[in-house]
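Student: My structure is stored as run.cif, with mmCIF, C-alpha atoms and all ligand atoms.
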```
data_structure
loop_
_atom_site.label_atom_id
_atom_site.label_comp_id
_atom_site.auth_asym_id
_atom_site.auth_seq_id
_atom_site.Cartn_x
_atom_site.Cartn_y
_atom_site.Cartn_z
CA MET Z 208 5.33 -2.43 28.22
CA PRO Z 209 3.98 -0.77 31.40
CA SER Z 210 0.19 -0.46 31.43
CA GLY Z 211 -1.27 3.03 31.15
CA THR Z 212 1.52 4.28 28.89
CA ARG Z 213 -0.12 6.71 26.54
CA ILE Z 214 0.62 6.46 22.85
CA ALA Z 215 -0.46 9.01 20.27
CA ILE Z 216 -0.97 7.64 16.77
CA VAL Z 217 -0.76 10.49 14.27
CA GLY Z 218 -2.82 9.72 11.15
CA GLY Z 219 -5.95 7.60 10.83
CA GLY Z 220 -5.36 6.10 7.37
CA LEU Z 221 -4.72 2.42 6.71
CA ALA Z 222 -1.50 2.33 8.76
CA GLY Z 223 -2.80 4.37 11.71
CA LEU Z 224 -6.08 2.46 12.01
CA ALA Z 225 -4.29 -0.87 11.70
CA ALA Z 226 -1.92 0.21 14.48
CA ALA Z 227 -4.88 1.28 16.64
CA ASN Z 228 -6.46 -2.17 16.15
CA ALA Z 229 -3.19 -3.92 16.93
CA LEU Z 230 -2.50 -1.94 20.10
CA LYS Z 231 -6.06 -2.41 21.33
CA ARG Z 232 -5.70 -6.14 20.76
CA ALA Z 233 -2.44 -6.05 22.75
CA GLY Z 234 -4.13 -4.17 25.61
CA ILE Z 235 -2.10 -0.99 25.05
CA GLU Z 236 -3.88 2.34 25.31
CA ALA Z 237 -3.57 4.64 22.29
CA GLN Z 238 -5.31 7.68 20.88
CA VAL Z 239 -5.52 8.44 17.14
CA PHE Z 240 -5.22 12.00 15.80
CA GLU Z 241 -6.46 12.38 12.23
CA ALA Z 242 -6.37 15.57 10.16
CA ALA Z 243 -9.53 14.87 8.15
CA PRO Z 244 -12.97 15.68 9.55
CA ALA Z 245 -14.11 12.08 8.89
CA LEU Z 246 -12.45 8.71 8.51
CA GLY Z 247 -12.49 7.56 4.93
CA GLU Z 248 -10.39 6.96 1.89
CA ILE Z 249 -10.80 8.25 -1.53
CA GLY Z 250 -8.69 6.50 -4.07
CA ALA Z 251 -10.26 3.47 -5.56
CA ALA Z 252 -8.87 0.14 -4.48
CA VAL Z 253 -6.18 -1.77 -2.70
CA ASN Z 254 -4.94 -5.38 -2.87
CA ALA Z 255 -3.87 -7.37 0.17
CA SER Z 256 -1.63 -10.40 -0.24
CA PRO Z 257 -1.68 -13.49 2.05
CA GLN Z 258 0.90 -12.35 4.61
CA ALA Z 259 -0.90 -9.01 5.02
CA VAL Z 260 -4.20 -10.83 5.49
CA LYS Z 261 -2.50 -12.85 8.25
CA ALA Z 262 -1.47 -9.58 9.91
CA LEU Z 263 -5.03 -8.23 9.54
CA ARG Z 264 -6.38 -11.39 11.15
CA ALA Z 265 -3.86 -11.17 13.96
CA ILE Z 266 -4.89 -7.60 14.82
CA GLY Z 267 -8.48 -8.79 15.14
CA ALA Z 268 -9.80 -7.42 11.82
CA GLY Z 269 -9.99 -10.78 10.00
CA ASP Z 270 -13.77 -11.23 9.90
CA ARG Z 271 -14.56 -7.62 9.06
CA VAL Z 272 -11.97 -7.62 6.28
CA ALA Z 273 -13.17 -10.97 4.88
CA ALA Z 274 -16.71 -9.57 4.74
CA VAL Z 275 -15.68 -6.80 2.32
CA GLY Z 276 -12.78 -8.43 0.45
CA HIS Z 277 -13.11 -9.76 -3.09
CA LEU Z 278 -11.15 -12.97 -3.66
CA SER Z 279 -8.67 -12.49 -6.48
CA ARG Z 280 -7.94 -15.70 -8.41
CA GLY Z 281 -4.90 -14.21 -10.10
CA ILE Z 282 -3.58 -11.65 -12.55
CA TYR Z 283 -3.63 -12.39 -16.26
CA THR Z 284 -1.03 -10.35 -18.14
CA ARG Z 285 -1.51 -9.46 -21.79
CA ASN Z 286 0.31 -7.39 -24.36
CA MET Z 287 -1.46 -4.05 -24.56
CA GLN Z 288 -1.53 -3.81 -28.35
CA THR Z 289 -2.00 -7.44 -29.43
CA GLY Z 290 -3.86 -8.86 -26.43
CA GLU Z 291 -1.46 -11.80 -26.49
CA PHE Z 292 -1.27 -13.74 -23.21
CA LEU Z 293 2.09 -13.27 -21.48
CA GLU Z 294 1.80 -14.76 -18.00
CA PHE Z 295 -0.57 -15.73 -15.21
CA ASN Z 296 0.16 -14.95 -11.59
CA ASP Z 297 -1.94 -17.56 -9.79
CA ARG Z 298 -3.21 -16.10 -6.54
CA HIS Z 299 -5.58 -18.95 -5.81
CA LYS Z 300 -2.63 -21.36 -5.62
CA ALA Z 301 -0.64 -18.82 -3.63
CA ALA Z 302 -3.49 -18.53 -1.16
CA GLU Z 303 -3.56 -22.32 -0.74
CA ARG Z 304 0.22 -22.46 -0.38
CA PHE Z 305 0.43 -19.67 2.17
CA GLY Z 306 -2.77 -20.31 4.10
CA ALA Z 307 -4.49 -16.96 3.56
CA PRO Z 308 -6.40 -15.41 0.67
CA TYR Z 309 -5.44 -12.64 -1.69
CA TYR Z 310 -8.11 -9.93 -1.55
CA THR Z 311 -8.98 -6.84 -3.53
CA PHE Z 312 -10.87 -4.07 -1.70
CA HIS Z 313 -12.52 -0.78 -2.24
CA ARG Z 314 -10.39 1.40 0.03
CA ALA Z 315 -13.37 2.89 1.83
CA ASP Z 316 -14.54 -0.63 2.80
CA LEU Z 317 -11.11 -1.48 4.16
CA VAL Z 318 -11.01 1.74 6.22
CA ASP Z 319 -14.49 0.95 7.58
CA ALA Z 320 -13.41 -2.58 8.46
CA LEU Z 321 -10.42 -1.23 10.39
CA ALA Z 322 -12.40 1.59 12.02
CA GLY Z 323 -14.88 -1.04 13.23
CA GLY Z 324 -12.21 -2.45 15.53
CA VAL Z 325 -11.27 0.81 17.19
CA ASP Z 326 -12.94 2.60 20.07
CA LEU Z 327 -14.17 5.69 18.19
CA GLY Z 328 -13.89 7.73 21.39
CA ALA Z 329 -10.13 7.31 21.00
CA VAL Z 330 -10.12 8.75 17.46
CA HIS Z 331 -9.79 12.53 17.32
CA LEU Z 332 -10.86 13.84 13.93
CA GLY Z 333 -10.02 17.31 12.63
CA HIS Z 334 -6.64 17.15 14.37
CA ARG Z 335 -3.95 18.11 11.85
CA LEU Z 336 -0.55 17.87 13.50
CA THR Z 337 1.55 20.97 12.87
CA GLY Z 338 4.57 20.15 15.00
CA LEU Z 339 5.95 18.06 17.81
CA GLU Z 340 8.78 18.35 20.29
CA GLU Z 341 10.47 15.81 22.52
CA ARG Z 342 10.74 17.08 26.11
CA GLY Z 343 12.37 14.60 28.47
CA ASP Z 344 9.90 11.80 29.10
CA ARG Z 345 7.14 13.42 27.04
CA VAL Z 346 6.42 14.40 23.45
CA GLU Z 347 4.38 17.55 22.95
CA LEU Z 348 2.12 17.61 19.92
CA ALA Z 349 0.49 20.74 18.48
CA PHE Z 350 -2.47 20.71 16.11
CA ALA Z 351 -3.85 23.20 13.61
CA ASN Z 352 -7.12 23.44 15.57
CA GLY Z 353 -5.19 24.84 18.55
CA ALA Z 354 -5.18 21.62 20.56
CA GLN Z 355 -1.97 20.63 22.34
CA ILE Z 356 -1.42 17.24 23.89
CA GLU Z 357 1.36 15.35 25.59
CA ALA Z 358 2.08 11.72 24.86
CA GLU Z 359 4.72 9.41 26.21
CA TYR Z 360 5.28 7.81 22.81
CA VAL Z 361 4.26 8.66 19.25
CA ILE Z 362 3.52 6.37 16.33
CA ALA Z 363 3.61 8.46 13.16
CA ALA Z 364 1.26 7.13 10.48
CA ASP Z 365 0.72 10.46 8.75
CA GLY Z 366 1.58 9.30 5.23
CA ILE Z 367 4.13 10.21 2.62
CA ARG Z 368 4.20 13.93 3.55
CA SER Z 369 4.56 13.13 7.22
CA VAL Z 370 4.85 16.18 9.49
CA VAL Z 371 6.47 13.96 12.12
CA ARG Z 372 9.11 12.85 9.63
CA GLN Z 373 9.82 16.46 8.75
CA ALA Z 374 10.11 17.41 12.43
CA LEU Z 375 12.66 14.63 13.00
CA TYR Z 376 14.69 14.79 9.81
CA GLY Z 377 14.01 18.16 8.19
CA ASP Z 378 13.14 18.48 4.54
CA ASP Z 379 13.38 15.16 2.78
CA ASN Z 380 10.37 15.77 0.61
CA PRO Z 381 9.32 12.94 -1.65
CA ALA Z 382 10.24 13.46 -5.29
CA TYR Z 383 8.13 12.92 -8.40
CA THR Z 384 9.06 9.52 -9.83
CA GLY Z 385 8.37 10.47 -13.44
CA GLN Z 386 5.32 8.22 -13.34
CA MET Z 387 1.63 8.96 -13.05
CA VAL Z 388 -1.52 6.90 -12.59
CA TRP Z 389 -5.07 7.19 -13.87
CA ARG Z 390 -7.81 5.73 -11.72
CA ALA Z 391 -11.45 5.04 -12.45
CA LEU Z 392 -14.29 2.95 -11.07
CA LEU Z 393 -16.90 1.29 -13.27
CA ASP Z 394 -20.16 -0.41 -12.51
CA ALA Z 395 -19.43 -4.07 -13.28
CA ALA Z 396 -22.82 -4.47 -14.96
CA ASP Z 397 -21.56 -2.13 -17.72
CA VAL Z 398 -18.42 -4.21 -18.40
CA PRO Z 399 -18.92 -7.12 -20.82
CA GLU Z 400 -17.73 -10.31 -19.12
CA ASP Z 401 -15.15 -11.21 -21.76
CA VAL Z 402 -13.21 -7.96 -21.17
CA LEU Z 403 -11.59 -9.18 -17.96
CA GLU Z 404 -11.66 -12.89 -18.79
CA PRO Z 405 -10.48 -15.39 -17.82
CA MET Z 406 -9.63 -14.33 -14.25
CA GLY Z 407 -11.47 -11.08 -13.64
CA HIS Z 408 -8.11 -9.38 -13.05
CA THR Z 409 -6.16 -8.36 -16.15
CA GLN Z 410 -3.01 -6.36 -16.60
CA TRP Z 411 -2.05 -5.03 -20.03
CA VAL Z 412 1.62 -4.08 -20.46
CA GLY Z 413 2.99 -1.77 -23.12
CA PRO Z 414 6.07 0.36 -23.74
CA GLY Z 415 6.49 2.70 -20.79
CA CYS Z 416 3.08 1.93 -19.31
CA HIS Z 417 0.61 -0.62 -17.99
CA PHE Z 418 -3.11 -0.74 -17.38
CA ILE Z 419 -4.94 -2.92 -14.81
CA GLY Z 420 -8.63 -3.74 -14.43
CA TYR Z 421 -10.14 -5.94 -11.73
CA TYR Z 422 -13.30 -6.63 -9.81
CA ILE Z 423 -13.87 -5.34 -6.29
CA ARG Z 424 -16.90 -5.27 -3.97
CA ARG Z 425 -17.78 -8.89 -4.62
CA GLY Z 426 -17.83 -8.29 -8.36
CA ARG Z 427 -20.11 -5.24 -8.30
CA GLN Z 428 -17.46 -2.73 -9.42
CA VAL Z 429 -14.41 -2.76 -11.65
CA ASN Z 430 -11.37 -0.83 -10.51
CA ILE Z 431 -9.07 0.65 -13.14
CA VAL Z 432 -5.57 1.75 -12.25
CA THR Z 433 -2.81 2.53 -14.70
CA GLN Z 434 0.76 3.70 -14.61
CA GLU Z 435 2.84 5.45 -17.23
CA ASP Z 436 6.24 7.06 -17.56
CA THR Z 437 5.74 10.74 -18.22
CA ASP Z 438 7.58 13.97 -17.70
CA LYS Z 439 4.31 15.86 -17.41
CA TRP Z 440 3.96 17.24 -13.93
CA VAL Z 441 1.03 15.64 -12.13
CA GLU Z 442 -0.15 16.69 -8.72
CA GLU Z 443 -0.11 14.23 -5.87
CA GLY Z 444 -3.65 13.61 -4.62
CA TRP Z 445 -6.32 11.04 -5.33
CA SER Z 446 -8.90 13.60 -6.27
CA THR Z 447 -7.32 15.55 -9.13
CA ARG Z 448 -9.85 15.19 -11.93
CA GLY Z 449 -8.57 13.99 -15.27
CA ASP Z 450 -9.89 13.93 -18.81
CA PRO Z 451 -10.98 10.42 -19.94
CA ASP Z 452 -9.96 11.22 -23.54
CA GLU Z 453 -6.50 12.21 -22.41
CA MET Z 454 -6.32 8.91 -20.51
CA ARG Z 455 -7.33 6.98 -23.64
CA LEU Z 456 -4.67 8.78 -25.70
CA SER Z 457 -2.05 7.62 -23.20
CA PHE Z 458 -2.59 3.98 -24.27
CA PRO Z 459 -2.48 4.07 -28.09
CA ASN Z 460 -3.62 1.20 -30.34
CA PRO Z 461 -5.17 -0.88 -27.56
CA GLU Z 462 -6.33 -4.42 -28.25
CA PRO Z 463 -10.17 -4.73 -28.44
CA ARG Z 464 -10.79 -5.79 -24.81
CA LEU Z 465 -8.77 -2.88 -23.46
CA ALA Z 466 -10.32 -0.48 -25.97
CA LYS Z 467 -13.78 -1.54 -24.75
CA LEU Z 468 -12.83 -1.11 -21.10
CA MET Z 469 -11.40 2.36 -21.73
CA SER Z 470 -14.43 3.41 -23.77
CA LEU Z 471 -16.62 2.92 -20.67
CA VAL Z 472 -14.70 5.46 -18.59
CA THR Z 473 -16.56 8.74 -18.13
CA GLU Z 474 -14.85 9.98 -14.97
CA VAL Z 475 -11.22 9.60 -14.09
CA SER Z 476 -8.79 10.93 -11.52
CA LYS Z 477 -5.05 11.25 -11.90
CA TRP Z 478 -2.21 11.06 -9.45
CA GLY Z 479 1.51 11.70 -9.63
CA LEU Z 480 3.61 9.01 -8.00
CA PHE Z 481 6.04 10.28 -5.42
CA THR Z 482 8.60 8.39 -3.36
CA ARG Z 483 11.80 9.08 -1.49
CA PRO Z 484 15.02 7.07 -1.60
CA LEU Z 485 15.24 4.07 0.72
CA THR Z 486 15.99 5.36 4.16
CA ARG Z 487 16.74 4.04 7.64
CA ASN Z 488 15.20 7.22 9.06
CA TRP Z 489 12.19 5.49 10.56
CA GLY Z 490 12.12 7.28 13.89
CA ARG Z 491 14.16 7.44 17.09
CA GLY Z 492 13.71 7.55 20.84
CA ARG Z 493 10.04 7.94 21.70
CA ILE Z 494 8.86 8.30 18.10
CA GLN Z 495 8.26 5.52 15.57
CA LEU Z 496 7.23 5.99 11.94
CA ILE Z 497 5.13 3.36 10.15
CA GLY Z 498 3.41 2.99 6.75
CA ASP Z 499 4.12 5.53 4.03
CA ALA Z 500 5.58 7.95 6.60
CA ALA Z 501 8.46 5.47 6.98
CA HIS Z 502 8.59 3.69 3.64
CA ALA Z 503 6.56 5.13 0.75
CA MET Z 504 7.06 2.92 -2.29
CA LEU Z 505 5.97 2.51 -5.90
CA PRO Z 506 2.71 0.55 -6.15
CA ASN Z 507 4.16 -2.15 -8.44
CA ALA Z 508 4.32 -4.93 -5.89
CA GLY Z 509 0.93 -4.00 -4.37
CA GLN Z 510 2.62 -3.77 -0.99
CA GLY Z 511 2.48 -0.23 0.46
CA ALA Z 512 -0.56 -0.91 2.63
CA CYS Z 513 0.37 -4.57 3.12
CA GLN Z 514 3.68 -3.53 4.67
CA ALA Z 515 1.81 -1.07 6.89
CA PHE Z 516 -0.36 -3.95 8.16
CA GLU Z 517 2.76 -5.98 8.92
CA ASP Z 518 4.19 -2.90 10.68
CA ALA Z 519 1.10 -2.54 12.85
CA TYR Z 520 1.05 -6.13 14.06
CA ILE Z 521 4.80 -6.50 14.56
CA LEU Z 522 5.09 -3.18 16.39
CA SER Z 523 2.34 -4.25 18.79
CA ARG Z 524 4.18 -7.52 19.50
CA TRP Z 525 7.40 -5.71 20.30
CA LEU Z 526 5.54 -3.25 22.54
CA GLN Z 527 4.06 -6.21 24.41
CA ALA Z 528 7.41 -7.92 24.69
CA CYS Z 529 9.61 -5.02 25.88
CA SER Z 530 9.25 -3.16 29.17
CA ASP Z 531 10.71 -0.05 27.52
CA PRO Z 532 8.80 1.11 24.40
CA ALA Z 533 11.91 2.83 23.04
CA GLU Z 534 13.61 -0.57 23.08
CA ALA Z 535 10.54 -2.03 21.34
CA PHE Z 536 10.88 0.65 18.63
CA ASP Z 537 14.60 -0.20 18.17
CA ASN Z 538 13.77 -3.88 17.77
CA PHE Z 539 10.93 -3.09 15.39
CA ARG Z 540 13.29 -1.15 13.13
CA ARG Z 541 15.91 -3.89 13.29
CA VAL Z 542 13.54 -6.55 11.95
CA ARG Z 543 11.44 -4.38 9.64
CA ILE Z 544 13.89 -2.20 7.73
CA PRO Z 545 15.71 -4.94 5.78
CA ARG Z 546 12.45 -6.59 4.74
CA VAL Z 547 10.69 -3.38 3.71
CA HIS Z 548 13.76 -2.19 1.81
CA GLY Z 549 13.64 -5.49 -0.09
CA VAL Z 550 9.97 -4.91 -0.91
CA GLN Z 551 10.74 -1.36 -2.07
CA ARG Z 552 13.41 -2.72 -4.43
CA LEU Z 553 10.98 -5.36 -5.73
CA SER Z 554 8.42 -2.62 -6.49
CA LEU Z 555 10.98 -0.64 -8.44
CA SER Z 556 12.19 -3.61 -10.41
CA ASN Z 557 8.59 -4.66 -11.25
CA ALA Z 558 7.90 -1.15 -12.54
CA ARG Z 559 10.93 -1.35 -14.84
CA PHE Z 560 10.00 -4.78 -16.12
CA LYS Z 561 6.36 -3.94 -16.83
CA HIS Z 562 7.35 -0.82 -18.76
CA MET Z 563 10.02 -2.44 -20.96
CA ARG Z 564 10.10 -0.77 -24.35
CA ASP Z 565 10.90 -3.94 -26.30
CA ALA Z 566 7.87 -6.25 -26.21
CA ALA Z 567 9.74 -9.13 -27.88
CA VAL Z 568 12.51 -9.09 -25.27
CA GLN Z 569 9.93 -8.85 -22.49
CA LYS Z 570 8.02 -11.83 -23.89
CA ASP Z 571 11.19 -13.91 -24.20
CA LEU Z 572 12.23 -13.12 -20.64
CA ILE Z 573 8.84 -14.24 -19.33
CA ALA Z 574 8.77 -17.36 -21.52
CA SER Z 575 12.26 -18.39 -20.36
CA GLY Z 576 11.39 -17.79 -16.70
CA LYS Z 577 14.06 -15.08 -16.46
CA GLY Z 578 11.59 -12.24 -15.94
CA SER Z 579 8.09 -11.56 -14.66
CA ALA Z 580 5.79 -8.58 -14.25
CA HIS Z 581 5.52 -9.71 -10.61
CA GLY Z 582 9.19 -10.29 -9.94
CA ASN Z 583 9.75 -12.85 -7.20
CA SER Z 584 6.96 -12.21 -4.70
CA GLU Z 585 7.09 -15.61 -2.98
CA TRP Z 586 9.28 -14.38 -0.13
CA VAL Z 587 6.95 -11.41 0.41
CA TRP Z 588 3.74 -13.43 0.48
CA GLY Z 589 5.28 -16.44 2.22
CA PHE Z 590 6.35 -14.44 5.27
CA ASP Z 591 4.28 -15.22 8.36
CA PRO Z 592 4.16 -12.11 10.55
CA VAL Z 593 2.62 -14.06 13.43
CA ALA Z 594 5.24 -16.81 13.55
CA GLU Z 595 8.15 -14.58 12.55
CA TRP Z 596 7.40 -11.21 14.14
CA ASN Z 597 10.67 -11.18 16.10
CA LYS Z 598 12.94 -12.51 13.35
CA GLU Z 599 14.90 -10.58 10.78
CA PRO Z 600 13.29 -12.11 7.67
CA SER Z 601 15.49 -13.21 4.83
CA VAL Z 602 15.41 -11.21 1.61
CA PRO Z 603 16.52 -12.74 -1.73
CA ALA Z 604 19.97 -11.47 -2.72
CA VAL Z 605 18.59 -9.68 -5.76
CA TYR Z 606 16.43 -7.45 -3.54
CA ALA Z 607 18.88 -7.14 -0.64
CA ALA Z 608 21.17 -4.14 -0.22
C1 LIG Z 701 -1.97 3.91 -7.42
C2 LIG Z 701 -1.69 3.22 -6.13
C3 LIG Z 701 -2.09 1.90 -5.96
C4 LIG Z 701 -1.78 1.24 -4.77
N1 LIG Z 701 -2.17 -0.07 -4.63
C5 LIG Z 701 -1.82 -0.74 -3.51
C6 LIG Z 701 -2.17 -2.12 -3.35
O1 LIG Z 701 -2.81 -2.72 -4.22
N2 LIG Z 701 -1.79 -2.76 -2.21
C7 LIG Z 701 -1.10 -2.11 -1.22
O2 LIG Z 701 -0.75 -2.74 -0.21
N3 LIG Z 701 -0.76 -0.81 -1.34
C8 LIG Z 701 -1.11 -0.11 -2.44
N4 LIG Z 701 -0.78 1.21 -2.56
C9 LIG Z 701 -0.06 1.87 -1.46
C10 LIG Z 701 -1.00 2.29 -0.34
O3 LIG Z 701 -2.05 3.07 -0.86
C11 LIG Z 701 -0.26 3.10 0.71
O4 LIG Z 701 0.95 2.48 1.04
C12 LIG Z 701 -1.11 3.24 1.98
O5 LIG Z 701 -2.31 3.91 1.71
C13 LIG Z 701 -0.32 3.97 3.05
O6 LIG Z 701 -1.12 4.11 4.18
P1 LIG Z 701 -0.71 5.18 5.32
O7 LIG Z 701 -1.78 5.07 6.34
O8 LIG Z 701 0.70 4.99 5.69
O9 LIG Z 701 -0.76 6.59 4.59
P2 LIG Z 701 -2.03 7.38 4.07
O10 LIG Z 701 -2.98 6.45 3.40
O11 LIG Z 701 -1.50 8.52 3.28
O12 LIG Z 701 -2.73 7.91 5.39
C14 LIG Z 701 -2.17 8.95 6.14
C15 LIG Z 701 -3.26 9.49 7.05
O13 LIG Z 701 -2.69 10.49 7.88
C16 LIG Z 701 -3.48 11.65 7.82
N5 LIG Z 701 -2.58 12.79 8.01
C17 LIG Z 701 -1.70 13.30 7.12
N6 LIG Z 701 -1.05 14.34 7.65
C18 LIG Z 701 -1.53 14.47 8.91
C19 LIG Z 701 -1.25 15.38 9.95
N7 LIG Z 701 -0.34 16.37 9.80
N8 LIG Z 701 -1.91 15.26 11.13
C20 LIG Z 701 -2.83 14.26 11.30
N9 LIG Z 701 -3.15 13.38 10.32
C21 LIG Z 701 -2.50 13.48 9.15
C22 LIG Z 701 -4.15 11.62 6.45
O14 LIG Z 701 -5.33 12.41 6.43
C23 LIG Z 701 -4.42 10.14 6.29
O15 LIG Z 701 -5.64 9.74 6.86
C24 LIG Z 701 -1.08 1.90 -3.74
C25 LIG Z 701 -0.71 3.23 -3.90
C26 LIG Z 701 -1.00 3.88 -5.08
C27 LIG Z 701 -0.59 5.31 -5.26
#
```
Any chance you could put this one into structure tokens?
Tutor:
Amino acid sequence: MPSGTRIAIVGGGLAGLAAANALKRAGIEAQVFEAAPALGEIGAAVNASPQAVKALRAIGAGDRVAAVGHLSRGIYTRNMQTGEFLEFNDRHKAAERFGAPYYTFHRADLVDALAGGVDLGAVHLGHRLTGLEERGDRVELAFANGAQIEAEYVIAADGIRSVVRQALYGDDNPAYTGQMVWRALLDAADVPEDVLEPMGHTQWVGPGCHFIGYYIRRGRQVNIVTQEDTDKWVEEGWSTRGDPDEMRLSFPNPEPRLAKLMSLVTEVSKWGLFTRPLTRNWGRGRIQLIGDAAHAMLPNAGQGACQAFEDAYILSRWLQACSDPAEAFDNFRRVRIPRVHGVQRLSLSNARFKHMRDAAVQKDLIASGKGSAHGNSEWVWGFDPVAEWNKEPSVPAVYAA
């Protein structure tokens, strides 16, 4: 890529900041335009699996991320009503096998870790993109604060309701999935140790819902995130306040550990899950979409942000390798779309499995090795973005188109 080419990154969330780190590391100049007046993330927590940690290391954020990550030993799955053990997803072994840890983070810490790698003079806060237009060898961007800039190339990391996406493809608004989440944060000192035993990361599954609790911030806080099938309309947005009693009613007859955990919740937010169908509309010409702008997905494989970190690193490698950034974008889409589509299908199938209505059938499927609340994640975690950035990764047939 020719030096001095100016790239505008729209959106300074996890994807945009990761891209800014990656481009800086690759020696490519970029400016970030973020709508919010300050960098930060509400929303409680995020998990990063080994291959995403490899991408974070490769963009130069490894040490900062390690300093704020909590090592997850694995997820212990129980029946929501009986507390019976169903399966253990061993993340310690996975970390050893794949050569990178599995972390849980408070989102704000992860944003700080990524912001620490970016020249803050290149981050323009309070810049909400309202529209953009391709004009020959330039893209013109207009912002709500009246600013107008020209960039040679645009990386759109402006999230699920991407304005860039809308400008390119018109209205393909994300649709409500029929699922909502409750989220809460607890002080770990208030949570009796046996509640999240034996691994500090427990998932309770029940008919049409699941409930997860795990430590973050080096064990100082417990993150709660749930998911349930519901027709009730729920707004999208981390900060919609919910009623803790209503949350408790959503998980009837909980086993004692879960009942104790829920009883500690005094503040809760709720969030409607939105996605759009799998799409190859990831950008064209001088404009490339990454993160949720390109591929919003259900959270059931814990991969939305992880895939954005892969995007950031792999895009920077293609931009380094190609003299024409538009060619780099084409190559990026060629290698990324099949893999991310596979991950999106995995997320959907995990959601279905976790929410099975018949607990006996679910238990039998797990016991016989024919089903898992985690699906087959080996191919996701085993991918090495550094060694395989220019390859079209293989996707198991069950998750391929
Ligand atoms: C309940 C839940 C749990 C999850 N858990 C995990 C997990 O464990 N692991 C994981 O990998 N993923 C997880 N995810 C997914 C993950 O949160 C998202 O995939 C990730 O945050 C996407 O990052 P992004 O930067 O693409 O989008 P966003 O985080 O939405 O960031 C977009 C940024 O762009 C800015 N912006 C928006 N519009 C404009 C505009 N017009 N102009 C300028 N700036 C703009 C926004 O202010 C924001 O800063 C979870 C999601 C949910 C809902």
Student: Distance atom CA of Gln355 of chain Z-atom C20 of ligand LIG 701 (chain Z), one decimal place?
Tutor: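 Going from atom CA of Gln355 of chain Z over to atom C20 of ligand LIG 701 (chain Z) covers 12.8 Å.
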Student: Identify, on the basis of only C-alpha atoms, every residue whose closest approach to Asn488 of chain Z does not exceed 9 Å; exclude the query and any residue fewer than 6 positions from it along the same chain; express the result as an NGL selection string.
Tutor: :Z and (372 or 375-376 or 496 or 501)
Student: Identify which of the residues Z:Ala242, Z:Leu339, Z:Ala237, Z:Ala227 lies closest to ligand LIG 701 (chain Z), counting all atoms listed in the file when measuring atom-to-atom distances.
Tutor: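 Of the candidates, the smallest distance to ligand LIG 701 (chain Z) is held by Z:Ala242.
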Student: Emit as AutoDock Vina command-line options the padded axis-aligned box for all listed atoms of ligand LIG 701 (chain Z), 4 Å per side, with centre and edge lengths in Å to one decimal.
Tutor:
```
--center_x -2.3 --center_y 6.8 --center_z 1.9 --size_x 14.6 --size_y 27.1 --size_z 26.7
```
Student: Kindly indicate which residue among Z:Ala363, Z:Ile249, Z:Ile266, Z:Val370 lies nearest to ligand LIG 701 (chain Z), using only C-alpha atoms and all ligand atoms for the distances.
Tutor: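 Of the candidates, the smallest distance to ligand LIG 701 (chain Z) is held by Z:Val370.
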Student: Give me the residues near segment 451-460 of chain Z as a list of chain:residue names, where near means some atom within 7 Å (using all atoms listed in the file) and where sequence neighbours in that chain fewer than 2 positions away do not count.
Tutor: Z:Gln288, Z:Trp389, Z:Gly449, Z:Glu462, Z:Met469, Z:Val472, Z:Thr473, Z:Glu474, Z:Val475
Student: Which is closer to ligand LIG 701 (chain Z) than all the others in Z:Asp499, Z:Glu347, Z:Asp397, Z:Glu359, using all atoms listed in the file?
Tutor: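 Ranking Z:Asp499, Z:Glu347, Z:Asp397, Z:Glu359 by distance to ligand LIG 701 (chain Z), first place goes to Z:Asp499.
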Student: If I take atom CA of Gly589 of chain Z and atom CA of Ile544 of chain Z, how far is one from the other in Å, to one decimal?
Tutor: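 It comes out at 17.5 Å.
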Student: Considering all atoms listed in the file, return as JSON, numbers by chain whatever protein or nucleic-acid residues lie within 10 Å of Leu522 of chain Z, sequence-local ones (same chain, fewer than 6 positions apart) excluded.
Tutor: {"Z": [226, 229, 230, 362, 495, 497, 516, 528, 532, 535, 536, 538, 539, 540, 543, 596, 597]}
Student: Out of Z:Ala466, Z:Leu471, Z:Gly328, Z:Tyr421, which residue has the shortest atom-to-atom distance to Val398 of chain Z when counting all atoms listed in the file?
Tutor: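 Smallest distance to Val398 of chain Z is found for Z:Leu471.
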Student: Residues within 10 Å of (5.0, 1.6, -5.2), file coordinates, counting all atoms listed in the file: what are they? Give the list as a list of chain:residue names.
Tutor: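 Nearby residues: Z:Leu480, Z:Phe481, Z:Thr482, Z:His502, Z:Ala503, Z:Met504, Z:Leu505, Z:Pro506, Z:Asn507, Z:Ala508, Z:Gly509, Z:Gln510, Z:Gly511, Z:Ala512, Z:Val550, Z:Gln551, Z:Arg552, Z:Leu553, Z:Ser554, Z:Leu555, Z:Asn557, Z:Ala558.
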Student: Measuring atom to atom with only C-alpha atoms, identify which of Z:Ser575, Z:Gly549, Z:His331, Z:Pro592 is nearest to Ala604 of chain Z.
Tutor: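 Closest candidate: Z:Gly549.
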Student: What's the separation between atom CA of Asn254 of chain Z and atom CA of Asp365 of chain Z, in Å to one decimal place?
Tutor: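 So the answer is 20.4 Å.
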Student: Just checking: using only C-alpha atoms, which residue out of Z:Val260, Z:Leu485, Z:Ala265, Z:Val388 ends up closest to Ala233 of chain Z?
Tutor: Z:Ala265
Student: Just want the 9 Å neighbourhood of Ala255 of chain Z, counted on only C-alpha atoms, with same-chain residues fewer than 2 positions away dropped. Output as a PyMOL selection string.
Tutor: chain Z and resi 253+257-260+276+308-312+509-510+512-513
